[in-house]
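S.K.: Structure below; questions to follow.
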Amino acid sequence: MSNMEKLIKTLGRKAGKTYVKGRWAFQSIFGTEEEGIAAERQMGKELNAQMQHQVTLVNDRVLQRDIRDIGHGLAERLTHSRRDYHFYGIQSQDVNAFALPGGFIYIATGLLRLPNITNHELAFVLGHEIGHVHCGHPFDRLLAQTSLNLISKTGRAGSLLGNVAKNASVNLIKSNYSQDQELEGDWFGVRLL
């Protein structure tokens, strides 16, 4: 498991504990689309605040500005988007990028420091992550994890329902996006470019 995967797993575990008690799960499942997006935005802000304490941001202002400018240039192409997007470079040897619910997108220096990486390639990666957020992949994943946590806590210890929910939750945390979700992110990134 890479450092990035461990970081996301830890953040997800903390989020599951924090947000089970919140209104966001109810709003996102039973509320209007606006309430669901508001819940996603609030959850994203709180997750982002936690993330800012767990990672080291790139201290190169020019690089951070370039990431932000490319990301915002892509986000401006979205029509009818009700999300605000925020872009951060972080210190990590992983060749990776990831998105939190609500439009908080991180890209690791391991990817940024690849030899000969162009702004067009960086734009594609950011567009791919915007696609995940726009399609609701990070939020759906966290909502599914939280729902499983609720079910496992509701089921009695050792009950079949509780054990199934716990096993499914562990598998969800360990898994990546589905191939369909990754292809959807790719297609979205290509269309933004």
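Residues in the structure tokens are named by chain (A, B, ... in the order shown) and by number from 1 within that chain; ligands are numbered from 1 in the order shown.
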Residues near Tyr85 of chain A, anyone? I mean within 7 Å using only C-alpha atoms, not counting same-chain ones fewer than 3 positions away, as a PyMOL selection string.

M.R.: chain A and resi 75+103-104

S.K.: Check the smallest atom-to-atom distance from each of A:Gly89, A:Gly131, A:Gly102, A:Gly71 to Leu183 of chain A using only C-alpha atoms, then report the winner.

M.R.: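 Distance minimum relative to Leu183 of chain A lands on A:Gly131.
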
S.K.: Looking at A:Glu33, A:Leu74, A:His86, A:Thr109, which one is nearest to Asn48 of chain A, with distances taken over only C-alpha atoms?

M.R.: A:His86

S.K.: Determine, counting only C-alpha atoms, which protein, DNA and RNA residues have an atom within 9 Å of an atom of Val133 of chain A; residues of the same chain fewer than 3 positions away are not included. Present the result as a PyMOL selection string.

M.R.: chain A and resi 83+99-105+128-130+136-139+185

S.K.: Which one is closest to Arg82 of chain A: A:Asp186, A:Asn119, A:Gly36, A:Arg141? Count only C-alpha atoms.

M.R.: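 Nearest to Arg82 of chain A: A:Gly36.
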
S.K.: Return the single residue from A:Thr79, A:Asn96, A:Gln42, A:Gln91 that is closest to Val58 of chain A, with distances computed using only C-alpha atoms.

M.R.: A:Gln91

S.K.: Could you state the separation of atom CA of Gly73 of chain A and atom CA of Gln54 of chain A in Å, given to one decimal place?

M.R.: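 These atoms are spaced 27.3 Å apart.
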